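Trainee: One structure, pasted below without further comment.
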Amino acid sequence: MAILKEVGLRIKEYRIRQNLQQKELAEGAGVGLDTVVRLEQGKNVSFDKILRILRELDMLENLEGFIPEPPLSPILMKKLQGKNKKRVRN
């Protein structure tokens with residue numbers, strides 16, 4: 001619950017900094033006003049709707065920090081290195 005509240009407060013702050021009313025954000029994101037209100041209050045909102053709101057706030061690229069691309073596993077790295085080797089014939 002604390003995480004949802006923090007996310008809601010941060011999204012609200014970004015909305016305010018962009019000088020958007022809740023209704024404007026909701027319309028631009030294609031969600032209902034109640035969705036924006038619930039999100040800003042720290043209540044449960046579907047991930048799809050959060051993504052729409054983040055896109056409207058031009059914050060979608062921030063998900064990279066939230067869920068970074070996983071590093072290559074050592075096994076996969078070894079397999080990829082093996083494919084790069086080529087024989088040289090004289």
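For the structure tokens, the naming scheme is as follows: chains receive sequential letters (A, B, ...) according to their order of presentation, residues are indexed from 1 within each chain, and ligands are indexed from 1 in presentation order.
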Within 7 Å of region 21-37 of chain A, counting only C-alpha atoms, which residues qualify if same-chain residues fewer than 4 places away don't, as a ChimeraX atom specification?
Mentor: /A:41,45,49,52-53,56
Trainee: Name all residues at most 10 Å from Leu9 (chain A) (count only C-alpha atoms; drop same-chain ones fewer than 3 positions away) and give them as a list in words.
Mentor: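 Final neighbour list, sorted by chain and number: Ile3, Leu4, Lys5, Glu6, Lys12, Glu13, Tyr14, Arg15, Leu39, Glu40, Gln41 and Gly42 of chain A.
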Trainee: Can you tell me which residues surround region 61-63 of chain A at a distance of at most 10 Å, considering only C-alpha atoms, apart from same-chain residues fewer than 6 positions away, and format the answer as a ChimeraX atom specification?
Mentor: /A:51,54-55
Trainee: Let me see the file: selected residues, all heavy atoms, as a PDB file, in the first residue's frame.
Mentor:
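Final output, selection18.pdb:
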```pdb
ATOM      1  N   LEU A  51       0.156   2.607 -17.614  1.00  0.00           N
ATOM      2  CA  LEU A  51       0.984   2.829 -18.805  1.00  0.00           C
ATOM      3  C   LEU A  51       0.425   3.947 -19.675  1.00  0.00           C
ATOM      4  O   LEU A  51       1.172   4.783 -20.192  1.00  0.00           O
ATOM      5  CB  LEU A  51       1.113   1.544 -19.623  1.00  0.00           C
ATOM      6  CG  LEU A  51       1.917   0.416 -18.988  1.00  0.00           C
ATOM      7  CD1 LEU A  51       1.878  -0.817 -19.870  1.00  0.00           C
ATOM      8  CD2 LEU A  51       3.347   0.851 -18.727  1.00  0.00           C
ATOM      9  N   LEU A  54       1.234   7.206 -17.891  1.00  0.00           N
ATOM     10  CA  LEU A  54       2.659   7.512 -18.015  1.00  0.00           C
ATOM     11  C   LEU A  54       2.994   8.001 -19.419  1.00  0.00           C
ATOM     12  O   LEU A  54       3.786   8.929 -19.590  1.00  0.00           O
ATOM     13  CB  LEU A  54       3.507   6.284 -17.668  1.00  0.00           C
ATOM     14  CG  LEU A  54       3.523   5.861 -16.210  1.00  0.00           C
ATOM     15  CD1 LEU A  54       4.318   4.568 -16.040  1.00  0.00           C
ATOM     16  CD2 LEU A  54       4.075   6.962 -15.327  1.00  0.00           C
ATOM     17  N   ARG A  55       2.390   7.400 -20.435  1.00  0.00           N
ATOM     18  CA  ARG A  55       2.621   7.826 -21.821  1.00  0.00           C
ATOM     19  C   ARG A  55       2.149   9.266 -22.011  1.00  0.00           C
ATOM     20  O   ARG A  55       2.838  10.085 -22.611  1.00  0.00           O
ATOM     21  CB  ARG A  55       1.902   6.900 -22.801  1.00  0.00           C
ATOM     22  CG  ARG A  55       2.157   7.266 -24.257  1.00  0.00           C
ATOM     23  CD  ARG A  55       1.482   6.325 -25.246  1.00  0.00           C
ATOM     24  NE  ARG A  55       2.107   5.014 -25.193  1.00  0.00           N
ATOM     25  CZ  ARG A  55       1.482   3.888 -24.879  1.00  0.00           C
ATOM     26  NH1 ARG A  55       0.192   3.898 -24.588  1.00  0.00           N
ATOM     27  NH2 ARG A  55       2.127   2.738 -24.864  1.00  0.00           N
TER      28      ARG A  55
END
```
Trainee: Take CA of Glu69 (chain A) and CA of Ala2 (chain A) and report the distance between them in Å, one decimal.
Mentor: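 Computing the Euclidean distance for CA of Glu69 (chain A) and CA of Ala2 (chain A) yields 25.5 Å.
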Trainee: As an MDAnalysis selection string, please: every residue in chain A that a backbone DSSP assignment puts in alpha helix (DSSP H).
Mentor: chainID A and resid 2:17 22:29 33:40 47:56 63:66 74:84
Trainee: In Å, rounded to a single decimal, give me how far CA of Leu80 (chain A) is from CA of Pro68 (chain A).
Mentor: 21.3 Å
